[in-house]
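Engineer: Structure file coords-v7.txt (compact mmCIF, C-alpha atoms) right here:
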# COMPACT_ATOMS: atom_id res chain seq x y z
CA MET Z 191 0.00 0.00 0.00
CA SER Z 192 1.39 3.23 -1.11
CA LEU Z 193 0.87 6.33 0.68
CA ARG Z 194 -0.38 9.21 -1.15
CA ALA Z 195 0.06 12.67 0.06
CA LEU Z 196 -3.02 14.24 1.33
CA ARG Z 197 -3.99 17.32 -0.60
CA LEU Z 198 -5.62 19.98 1.44
CA GLU Z 199 -7.18 23.16 0.13
CA THR Z 200 -5.19 26.23 0.72
CA PHE Z 201 -6.86 29.20 2.28
CA THR Z 202 -5.17 32.28 1.11
CA PRO Z 203 -5.82 35.75 2.45
CA GLU Z 204 -7.59 36.64 -0.80
CA ALA Z 205 -9.96 33.71 -0.39
CA ARG Z 206 -10.57 34.69 3.22
CA GLY Z 207 -11.29 38.28 2.11
CA LEU Z 208 -13.95 37.07 -0.32
CA MET Z 209 -15.62 35.16 2.40
CA ARG Z 210 -15.52 38.21 4.60
CA ASP Z 211 -16.97 40.29 1.78
CA ASP Z 212 -19.81 37.80 1.35
CA HIS Z 213 -20.41 37.92 5.05
CA SER Z 214 -20.16 41.74 5.13
CA GLU Z 215 -22.51 42.03 2.16
CA ALA Z 216 -25.12 39.86 3.92
CA GLU Z 217 -24.79 42.01 7.04
CA ALA Z 218 -25.08 45.16 4.94
CA GLU Z 219 -28.22 43.78 3.23
CA GLU Z 220 -29.65 42.90 6.63
CA ALA Z 221 -28.86 46.42 7.90
CA ARG Z 222 -30.49 47.94 4.81
CA LEU Z 223 -33.66 45.87 5.38
CA VAL Z 224 -33.76 46.87 9.04
CA ALA Z 225 -33.23 50.55 8.11
CA TYR Z 226 -35.93 50.30 5.42
CA GLU Z 227 -38.38 48.76 7.92
CA GLN Z 228 -37.58 51.44 10.50
CA GLY Z 229 -37.94 54.20 7.92
CA HIS Z 230 -41.17 52.71 6.64
CA ARG Z 231 -42.56 52.38 10.17
CA ALA Z 232 -41.46 55.94 11.02
CA GLY Z 233 -43.16 57.22 7.85
CA TRP Z 234 -46.40 55.44 8.76
CA ASP Z 235 -46.20 56.75 12.32
CA ASP Z 236 -45.67 60.29 11.01
CA ALA Z 237 -48.58 59.93 8.55
CA ILE Z 238 -50.90 58.57 11.25
CA ALA Z 239 -49.85 61.34 13.66
CA ALA Z 240 -50.42 63.97 10.95
CA GLN Z 241 -53.81 62.50 10.09
CA SER Z 242 -54.76 62.33 13.76
CA GLY Z 243 -53.72 65.98 14.16
CA ASP Z 244 -55.76 66.93 11.09
CA LEU Z 245 -58.80 65.08 12.43
CA THR Z 246 -58.44 66.73 15.81
CA ARG Z 247 -58.17 70.15 14.14
CA LEU Z 248 -61.18 69.41 11.89
CA ARG Z 249 -63.25 68.26 14.86
CA THR Z 250 -62.33 71.40 16.78
CA ASP Z 251 -63.12 73.62 13.79
CA LEU Z 252 -66.40 71.81 13.16
CA GLY Z 253 -67.39 72.10 16.80
CA GLN Z 254 -66.62 75.82 16.79
CA ASN Z 255 -68.53 76.34 13.53
CA LEU Z 256 -71.54 74.44 14.88
CA GLN Z 257 -71.43 76.49 18.06
CA ASP Z 258 -71.25 79.70 15.99
CA LEU Z 259 -74.14 78.51 13.82
CA SER Z 260 -76.18 77.61 16.88
CA PHE Z 261 -75.55 81.04 18.36
CA THR Z 262 -76.38 82.72 15.03
CA TYR Z 263 -79.56 80.61 14.69
CA HIS Z 264 -80.73 81.48 18.21
CA GLU Z 265 -79.87 85.11 17.66
CA ALA Z 266 -81.84 85.17 14.36
CA HIS Z 267 -84.70 83.19 15.91
CA SER Z 268 -84.89 85.60 18.81
CA HIS Z 269 -84.83 88.61 16.45
CA VAL Z 270 -87.64 87.15 14.29
CA LEU Z 271 -89.76 86.43 17.35
CA ARG Z 272 -89.21 89.95 18.70
CA SER Z 273 -90.35 91.30 15.32
CA LEU Z 274 -93.39 89.02 15.10
CA GLU Z 275 -94.65 89.44 18.65
CA PRO Z 276 -96.29 92.89 18.22
CA LEU Z 277 -97.82 91.81 14.91
CA LEU Z 278 -99.35 88.62 16.33
CA ARG Z 279 -100.56 90.36 19.46
CA ASP Z 280 -102.25 93.07 17.35
CA MET Z 281 -103.81 90.41 15.13
CA VAL Z 282 -105.27 88.61 18.12
CA SER Z 283 -106.40 91.74 19.96
CA VAL Z 284 -107.45 94.00 17.05
CA VAL Z 285 -107.93 92.13 13.76
CA LEU Z 286 -109.46 88.84 14.95
CA PRO Z 287 -112.21 90.49 17.03
CA VAL Z 288 -113.32 92.44 13.94
CA VAL Z 289 -113.20 89.27 11.84
CA ALA Z 290 -115.06 87.36 14.55
CA ARG Z 291 -117.77 90.02 14.67
CA GLU Z 292 -118.17 89.93 10.90
CA THR Z 293 -118.26 86.12 10.81
CA LEU Z 294 -120.51 85.67 13.83
CA ALA Z 295 -123.74 85.78 11.83
CA PRO Z 296 -122.54 83.39 9.06
CA ILE Z 297 -121.26 80.95 11.71
CA LEU Z 298 -124.57 81.14 13.55
CA LEU Z 299 -126.49 80.60 10.30
CA GLY Z 300 -124.25 77.61 9.51
CA GLU Z 301 -125.11 76.13 12.93
CA LEU Z 302 -128.86 76.73 12.52
CA LYS Z 303 -129.45 75.54 8.93
CA PRO Z 304 -128.77 71.83 9.61
CA LEU Z 305 -131.28 72.04 12.47
CA ALA Z 306 -134.07 73.39 10.25
CA ALA Z 307 -135.39 69.90 9.41
CA GLU Z 308 -135.31 68.85 13.06
CA LEU Z 309 -137.03 72.01 14.26
CA ALA Z 310 -140.21 71.32 12.22
CA GLY Z 311 -141.46 74.85 12.64
CA ALA Z 312 -140.59 75.12 16.34
CA PRO Z 313 -139.47 78.62 17.23
CA VAL Z 314 -135.79 79.29 17.92
CA GLU Z 315 -134.73 81.87 20.48
CA ILE Z 316 -131.47 83.61 19.62
CA VAL Z 317 -129.77 85.45 22.50
CA THR Z 318 -126.77 87.71 21.86
CA HIS Z 319 -125.12 90.92 22.99
CA PRO Z 320 -127.28 93.99 22.21
CA ASP Z 321 -124.61 95.32 19.81
CA ASN Z 322 -125.15 92.23 17.60
CA LEU Z 323 -128.93 92.43 17.36
CA ALA Z 324 -129.14 94.35 14.05
CA LEU Z 325 -126.46 92.22 12.38
CA VAL Z 326 -127.97 88.91 13.53
CA GLU Z 327 -131.47 90.04 12.52
CA ASP Z 328 -130.34 91.08 9.02
CA LEU Z 329 -128.16 88.07 8.31
CA VAL Z 330 -129.71 85.24 10.31
CA VAL Z 331 -133.34 85.75 11.15
CA ALA Z 332 -134.20 86.97 7.65
CA ARG Z 333 -132.45 83.98 6.00
CA ALA Z 334 -133.11 81.19 8.50
CA GLY Z 335 -136.33 79.95 6.91
CA PHE Z 336 -137.91 79.09 10.26
CA PRO Z 337 -139.45 81.15 13.05
CA ALA Z 338 -136.90 82.85 15.27
CA THR Z 339 -137.05 85.39 18.05
CA LEU Z 340 -134.12 87.61 18.89
CA ARG Z 341 -133.21 88.90 22.34
CA GLY Z 342 -130.34 91.07 23.55
CA GLU Z 343 -128.40 90.06 26.66
CA PRO Z 344 -125.76 92.55 27.88
CA THR Z 345 -124.00 89.94 30.04
CA LEU Z 346 -122.93 88.03 26.91
CA GLY Z 347 -119.77 89.00 25.07
CA ARG Z 348 -119.98 90.44 21.58
CA GLY Z 349 -118.70 87.18 20.15
CA GLN Z 350 -121.20 84.99 21.99
CA VAL Z 351 -124.58 83.76 20.78
CA HIS Z 352 -126.89 81.28 22.46
CA PHE Z 353 -129.78 79.71 20.60
CA ARG Z 354 -132.44 77.60 22.19
CA THR Z 355 -135.04 75.26 20.76
CA GLY Z 356 -137.28 73.82 23.40
CA ALA Z 357 -135.04 72.10 25.95
CA SER Z 358 -131.85 72.13 23.88
CA GLU Z 359 -129.37 74.97 23.73
CA ARG Z 360 -126.28 75.62 21.64
CA VAL Z 361 -123.57 78.21 22.09
CA VAL Z 362 -121.34 79.98 19.59
CA ASP Z 363 -118.48 81.46 21.61
CA LEU Z 364 -116.01 83.36 19.45
CA ASP Z 365 -114.95 85.37 22.52
CA GLY Z 366 -113.76 82.14 24.15
CA ALA Z 367 -111.90 81.17 20.97
CA LEU Z 368 -110.22 84.60 20.85
CA ALA Z 369 -109.28 84.37 24.54
CA ALA Z 370 -107.75 80.94 23.93
CA MET Z 371 -105.78 82.32 20.95
CA THR Z 372 -104.56 85.28 22.99
CA GLU Z 373 -103.45 82.95 25.77
CA ALA Z 374 -101.73 80.63 23.28
CA VAL Z 375 -99.82 83.56 21.69
CA SER Z 376 -98.76 84.83 25.14
CA ALA Z 377 -97.64 81.36 26.22
CA PHE Z 378 -95.71 80.86 22.96
CA PHE Z 379 -93.78 84.11 23.34
CA HIS Z 380 -93.17 83.47 27.04
CA ILE Z 381 -91.61 80.07 26.24
CA ALA Z 382 -89.64 81.57 23.33
CA LYS Z 383 -88.21 84.29 25.61
CA GLU Z 384 -87.21 81.73 28.24
CA GLU Z 385 -85.44 79.61 25.59
CA SER Z 386 -83.73 82.72 24.22
CA ARG Z 387 -82.46 83.60 27.72
CA ALA Z 388 -81.21 80.05 28.19
CA HIS Z 389 -79.18 80.23 24.97
CA GLY Z 390 -78.12 83.85 25.43
So, in terms of structure tokens, how does the structure I just supplied come out?
Structural biologist:
Amino acid sequence: MSLRALRLETFTPEARGLMRDDHSEAEAEEARLVAYEQGHRAGWDDAIAAQSGDLTRLRTDLGQNLQDLSFTYHEAHSHVLRSLEPLLRDMVSVVLPVVARETLAPILLGELKPLAAELAGAPVEIVTHPDNLALVEDLVVARAGFPATLRGEPTLGRGQVHFRTGASERVVDLDGALAAMTEAVSAFFHIAKEESRAHG
């Protein structure tokens, strides 16, 4: 058996340098990936922080604008109500009583006409304020088509009429309706003023 010399691979400094370069290049690639990830994460964090800041600013601006609008609305609402109050009060206290007086007779006639068939010629007694007698006589008694007697009663309001047939009695009370309207207008403006003070 002959001995052969064992041949071993020689590691020269150049070969070792290549290996180091391969190793250094892998480390450099790893460092680049880590840096990229950190940069990417930092960019996302900055974008999210900027977006969060923008949302916070938008919410604050929106809240302020809504508060300004609310104040402006209440201010405008209050101004409109202050302007309307004298008009509505005059309508209820001046215009509606005149309208009620002029419509009293037609309303009364409208109440009486459906009863004409039921009355079968029975007399109807109409009782109203003395100031209404001429108007009711001209517009109701003359057109009723059934016997009616008219009597003045100073204790009744000018917008009140009672009519009786036998045991039954009906009432037309425009004064009560006007009083209810006046009270409703007063209550409305009282509530509106309280709300305006609460928002002022």
Engineer: For the point (-120.6, 94.0, 22.0) in file coordinates, what residues are within 6 Å, counting only C-alpha atoms? Give the answer as a PyMOL selection string?
Structural biologist: chain Z and resi 319+321+347-348
Engineer: Any idea what the distance is between atom CA of Arg341 of chain Z and atom CA of Asp363 of chain Z?
Structural biologist: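 So the two atoms, atom CA of Arg341 of chain Z and atom CA of Asp363 of chain Z, lie 16.5 Å apart.
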Engineer: Between Z:Ser214, Z:Thr372, Z:Thr246, Z:Thr339, which residue has the minimum interatomic distance to Ala312 of chain Z, considering only C-alpha atoms?
Structural biologist: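 Of the candidates, the smallest distance to Ala312 of chain Z is held by Z:Thr339.
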Engineer: Could you tell me how far atom CA of Met281 of chain Z lies from atom CA of Val317 of chain Z, in Å and to one decimal?
Structural biologist: 27.4 Å
Engineer: Smallest atom-to-atom distance to Leu274 of chain Z: which of Z:Val375, Z:Ala195, Z:Thr355, Z:Ala370, using all atoms listed in the file?
Structural biologist: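 Looking at the shortest contact to Leu274 of chain Z, the residue is Z:Val375.
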Engineer: Quick check, in Å to one decimal: how far apart do atom CA of Gly366 of chain Z and atom CA of Arg279 of chain Z lie?
Structural biologist: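 Computed distance, atom CA of Gly366 of chain Z to atom CA of Arg279 of chain Z, equals 16.2 Å.
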Engineer: Within 12 Å of (-84.6, 82.0, 26.3) (file coordinates; all atoms listed in the file), which protein or nucleic acid residues are there? I'd like them as an MDAnalysis selection string.
Structural biologist: chainID Z and resid 264:265 267:269 271:272 378:390
